[in-house]
Amino acid sequence: MRPDSPTMAAPAESLRRRKTGYSDPEPESPPAPGRGPAGSPAHLHTGTFWLTRIVLLKALAFVYFVAFLVAFHQNKQLIGDRGLLPCRVFLKNFQQYFQDRTSWEVFSYMPTILWLMDWSDMNSNLDLLALLGLGISSFVLITGCANMLLMAALWGLYMSLVNVGHVWYSFASAISLPSMHGGQ
């Protein structure tokens with residue numbers, strides 16, 4: 001500890017150390033800055049999962065990045081205002097079907113952030129959702145770090161697009177299409 005740094009509440013000798021399966025003898029001299037007692041970088045200890053966490057977060061962020069990039073390029077043509085199956089019409093039909101229900105019940109049947117947005121310019125709303133997803137996923141992809149809030153935001157944005165994307169973004173509905181049309 002440097003002489004000009006603030007003192008700790010407990011001396012360094014009395015702090016508990018994490019058990020890693022081996023007993024580490026006390027070093028004769030303090031290790032170099034940024035190095036562990038064995039001379040390896042301080043974050044490369046056995047029994048930690050830092051590399052697995054970073055790899056999984058970056059892989060998941062890459063999948064989200066590709067999904068939001070595809071959505072950004074195809075939203076307007078597929079589910080935009082003048083798309084093949086406009087999501088504004090889909091949301092209005094869904095709202096009419098559940099008109100006697102509370103808004104929470106409607107939201108629970110089809111959870112999407114678009115219920116909370118203005119529907120006058122749906123193309124801008126869809127682009128906003130895709131760009132927010134691109135921004136958050138690129139942050140996680142570049143830095144390799146994320147918390148529960150960032151990952152929940154990615155999931156919420158993605159599910160918002162999938163729920164209004166009906167046939168275009170829902171792969172499970174393609175499997176059940178024959179049974180929906182009388183077994184044809």
# chains A, B, ... in the order shown; residues from 1 in each chain; ligands from 1
>>> closest_atom_pairs(of="stretch 55-83 of chain A", to="stretch 108-130 of chain A", cutoff="10 Å", atoms="only C-alpha atoms", output="tab-separated table")
residue	atom	partner	partner_atom	distance
A:Phe65	CA	A:Ala130	CA	9.4
A:Ala67	CA	A:Ala130	CA	8.8
A:Phe68	CA	A:Ala130	CA	5.2
A:Leu69	CA	A:Ala130	CA	7.1
A:Val70	CA	A:Ala130	CA	8.8
A:Ala71	CA	A:Ala130	CA	6.3
A:Phe72	CA	A:Ala130	CA	5.3
A:His73	CA	A:Asp127	CA	8.8
A:Gln74	CA	A:Asp127	CA	9.8
A:Asn75	CA	A:Leu126	CA	6.6
A:Lys76	CA	A:Asn123	CA	5.8
A:Gln77	CA	A:Asn123	CA	9.4
A:Ile79	CA	A:Asn123	CA	8.4
A:Gly80	CA	A:Asn123	CA	5.2
A:Asp81	CA	A:Met122	CA	5.9
A:Arg82	CA	A:Asn123	CA	8.8
A:Gly83	CA	A:Asn123	CA	9.5
>>> write_last_selection(atoms="all heavy atoms", output="compact mmCIF listing (two decimals), in the first residue's frame")
# COMPACT_ATOMS: atom_id res chain seq x y z
N PHE A 65 -26.55 -8.11 -32.25
CA PHE A 65 -26.13 -7.09 -33.21
C PHE A 65 -26.61 -7.45 -34.62
O PHE A 65 -27.16 -6.61 -35.33
CB PHE A 65 -24.60 -6.94 -33.18
CG PHE A 65 -24.09 -5.88 -34.10
CD1 PHE A 65 -24.09 -4.55 -33.70
CD2 PHE A 65 -23.62 -6.19 -35.37
CE1 PHE A 65 -23.61 -3.57 -34.54
CE2 PHE A 65 -23.15 -5.21 -36.21
CZ PHE A 65 -23.15 -3.89 -35.80
N ALA A 67 -29.09 -9.49 -35.40
CA ALA A 67 -30.56 -9.45 -35.42
C ALA A 67 -31.08 -8.02 -35.55
O ALA A 67 -31.99 -7.75 -36.35
CB ALA A 67 -31.11 -10.10 -34.16
N PHE A 68 -30.51 -7.08 -34.81
CA PHE A 68 -30.97 -5.70 -34.89
C PHE A 68 -30.53 -5.04 -36.20
O PHE A 68 -31.25 -4.18 -36.72
CB PHE A 68 -30.48 -4.89 -33.69
CG PHE A 68 -31.22 -5.18 -32.43
CD1 PHE A 68 -30.58 -5.72 -31.34
CD2 PHE A 68 -32.58 -4.93 -32.33
CE1 PHE A 68 -31.27 -6.00 -30.17
CE2 PHE A 68 -33.28 -5.20 -31.17
CZ PHE A 68 -32.62 -5.74 -30.09
N LEU A 69 -29.39 -5.43 -36.74
CA LEU A 69 -28.96 -4.89 -38.03
C LEU A 69 -29.91 -5.35 -39.13
O LEU A 69 -30.33 -4.55 -39.98
CB LEU A 69 -27.53 -5.33 -38.33
CG LEU A 69 -26.88 -4.72 -39.55
CD1 LEU A 69 -26.73 -3.21 -39.37
CD2 LEU A 69 -25.52 -5.36 -39.80
N VAL A 70 -30.28 -6.62 -39.13
CA VAL A 70 -31.25 -7.13 -40.10
C VAL A 70 -32.59 -6.44 -39.91
O VAL A 70 -33.24 -6.04 -40.89
CB VAL A 70 -31.37 -8.66 -39.97
CG1 VAL A 70 -32.56 -9.19 -40.75
CG2 VAL A 70 -30.09 -9.33 -40.43
N ALA A 71 -33.03 -6.28 -38.67
CA ALA A 71 -34.30 -5.61 -38.41
C ALA A 71 -34.27 -4.16 -38.88
O ALA A 71 -35.25 -3.68 -39.46
CB ALA A 71 -34.63 -5.67 -36.92
N PHE A 72 -33.15 -3.48 -38.68
CA PHE A 72 -33.04 -2.09 -39.12
C PHE A 72 -33.19 -1.98 -40.63
O PHE A 72 -33.83 -1.07 -41.14
CB PHE A 72 -31.71 -1.48 -38.65
CG PHE A 72 -31.52 -0.06 -39.08
CD1 PHE A 72 -32.28 0.95 -38.52
CD2 PHE A 72 -30.59 0.26 -40.04
CE1 PHE A 72 -32.11 2.27 -38.91
CE2 PHE A 72 -30.42 1.57 -40.44
CZ PHE A 72 -31.18 2.58 -39.88
N HIS A 73 -32.60 -2.91 -41.36
CA HIS A 73 -32.65 -2.85 -42.82
C HIS A 73 -33.97 -3.37 -43.39
O HIS A 73 -34.34 -3.00 -44.50
CB HIS A 73 -31.49 -3.63 -43.42
CG HIS A 73 -30.18 -2.92 -43.27
ND1 HIS A 73 -29.88 -1.76 -43.93
CD2 HIS A 73 -29.10 -3.19 -42.51
CE1 HIS A 73 -28.68 -1.34 -43.60
NE2 HIS A 73 -28.19 -2.20 -42.72
N GLN A 74 -34.71 -4.20 -42.67
CA GLN A 74 -35.90 -4.81 -43.24
C GLN A 74 -37.21 -4.39 -42.58
O GLN A 74 -38.28 -4.72 -43.08
CB GLN A 74 -35.78 -6.33 -43.17
CG GLN A 74 -34.69 -6.86 -44.03
CD GLN A 74 -34.62 -8.38 -44.01
OE1 GLN A 74 -35.32 -9.03 -43.26
NE2 GLN A 74 -33.77 -8.92 -44.85
N ASN A 75 -37.17 -3.68 -41.47
CA ASN A 75 -38.40 -3.31 -40.76
C ASN A 75 -39.37 -2.54 -41.64
O ASN A 75 -40.56 -2.85 -41.69
CB ASN A 75 -38.09 -2.48 -39.53
CG ASN A 75 -37.80 -3.31 -38.32
OD1 ASN A 75 -38.08 -4.49 -38.30
ND2 ASN A 75 -37.24 -2.69 -37.31
N LYS A 76 -38.89 -1.50 -42.32
CA LYS A 76 -39.78 -0.64 -43.09
C LYS A 76 -40.45 -1.40 -44.24
O LYS A 76 -41.61 -1.18 -44.53
CB LYS A 76 -39.00 0.56 -43.61
CG LYS A 76 -38.62 1.54 -42.51
CD LYS A 76 -37.91 2.75 -43.03
CE LYS A 76 -36.47 2.59 -43.29
NZ LYS A 76 -35.62 2.19 -42.19
N GLN A 77 -39.72 -2.31 -44.87
CA GLN A 77 -40.28 -3.03 -46.00
C GLN A 77 -41.24 -4.15 -45.57
O GLN A 77 -42.16 -4.48 -46.30
CB GLN A 77 -39.16 -3.63 -46.87
CG GLN A 77 -38.33 -2.61 -47.59
CD GLN A 77 -37.26 -1.98 -46.70
OE1 GLN A 77 -37.02 -2.44 -45.59
NE2 GLN A 77 -36.65 -0.91 -47.18
N ILE A 79 -42.72 -4.62 -42.03
CA ILE A 79 -43.77 -4.28 -41.07
C ILE A 79 -43.92 -2.79 -40.85
O ILE A 79 -44.59 -2.35 -39.92
CB ILE A 79 -43.52 -4.98 -39.71
CG1 ILE A 79 -42.18 -4.58 -39.12
CG2 ILE A 79 -43.65 -6.48 -39.85
CD1 ILE A 79 -41.93 -5.11 -37.72
N GLY A 80 -43.33 -1.97 -41.72
CA GLY A 80 -43.44 -0.52 -41.59
C GLY A 80 -44.79 0.00 -42.04
O GLY A 80 -45.72 -0.77 -42.31
N ASP A 81 -44.90 1.33 -42.14
CA ASP A 81 -46.17 1.96 -42.51
C ASP A 81 -46.69 1.47 -43.87
O ASP A 81 -47.88 1.26 -44.05
CB ASP A 81 -46.02 3.48 -42.54
CG ASP A 81 -45.92 4.07 -41.16
OD1 ASP A 81 -46.50 3.48 -40.22
OD2 ASP A 81 -45.26 5.12 -41.00
N ARG A 82 -45.79 1.31 -44.82
CA ARG A 82 -46.19 0.85 -46.16
C ARG A 82 -45.58 -0.52 -46.45
O ARG A 82 -45.31 -0.86 -47.60
CB ARG A 82 -45.76 1.86 -47.21
CG ARG A 82 -46.41 3.22 -47.01
CD ARG A 82 -45.90 4.26 -47.97
NE ARG A 82 -45.93 3.81 -49.34
CZ ARG A 82 -46.91 4.09 -50.21
NH1 ARG A 82 -47.92 4.82 -49.80
NH2 ARG A 82 -46.86 3.66 -51.45
N GLY A 83 -45.38 -1.31 -45.41
CA GLY A 83 -44.78 -2.63 -45.56
C GLY A 83 -45.77 -3.68 -46.01
O GLY A 83 -46.96 -3.41 -46.22
>>> residues_around(residues="stretch 133-137 of chain A", least_positions_apart="4", cutoff="10 Å", atoms="only C-alpha atoms", output="MDAnalysis selection string")
chainID A and resid 57:58 60:69 71:72 127:129 141:144 146 150:151 153:158
>>> write_last_selection(atoms="C-alpha atoms", output="tab-separated table (two decimals), in the first residue's frame")
chain	number	residue	atom	x	y	z
A	57	LEU	CA	-21.39	-12.02	-23.51
A	58	LYS	CA	-19.59	-11.15	-26.74
A	60	LEU	CA	-24.66	-13.15	-27.41
A	61	ALA	CA	-24.00	-9.49	-28.23
A	62	PHE	CA	-22.92	-10.51	-31.74
A	63	VAL	CA	-26.17	-12.45	-32.25
A	64	TYR	CA	-28.19	-9.45	-31.02
A	65	PHE	CA	-26.13	-7.09	-33.21
A	66	VAL	CA	-26.86	-9.14	-36.34
A	67	ALA	CA	-30.56	-9.45	-35.42
A	68	PHE	CA	-30.97	-5.70	-34.89
A	69	LEU	CA	-28.96	-4.89	-38.03
A	71	ALA	CA	-34.30	-5.61	-38.41
A	72	PHE	CA	-33.04	-2.09	-39.12
A	127	ASP	CA	-35.93	2.32	-36.54
A	128	LEU	CA	-35.58	3.66	-33.01
A	129	LEU	CA	-35.99	0.20	-31.48
A	141	LEU	CA	-19.64	-6.52	-28.14
A	142	ILE	CA	-16.81	-3.98	-27.96
A	143	THR	CA	-16.33	-3.83	-24.21
A	144	GLY	CA	-17.24	-7.41	-23.32
A	146	ALA	CA	-22.66	-6.00	-19.37
A	150	LEU	CA	-28.30	-4.06	-20.41
A	151	MET	CA	-29.09	-7.68	-21.23
A	153	ALA	CA	-32.96	-4.13	-22.38
A	154	LEU	CA	-31.62	-6.10	-25.35
A	155	TRP	CA	-34.11	-8.88	-24.72
A	156	GLY	CA	-37.00	-6.42	-24.33
A	157	LEU	CA	-36.14	-4.56	-27.53
A	158	TYR	CA	-35.74	-7.81	-29.46
>>> select_by_dssp(residues="stretch 80-167 of chain A", states="alpha helix (DSSP H)", output="NGL selection string")
:A and (87-97 or 103-109 or 122-143 or 148-164 or 166-167)
>>> atom_distance(atom1="atom CA of A:Cys145", atom2="atom CA of A:Ile54")
6.8 Å
>>> atom_distance(atom1="atom CA of A:Met159", atom2="atom CA of A:Asp100")
24.8 Å
>>> atom_distance(atom1="atom CA of A:Leu132", atom2="atom CA of A:Val162")
15.0 Å
>>> closest_residue(among="A:Leu51, A:Leu91, A:Leu78, A:Leu84", to="A:Ser160", atoms="only C-alpha atoms")
A:Leu91
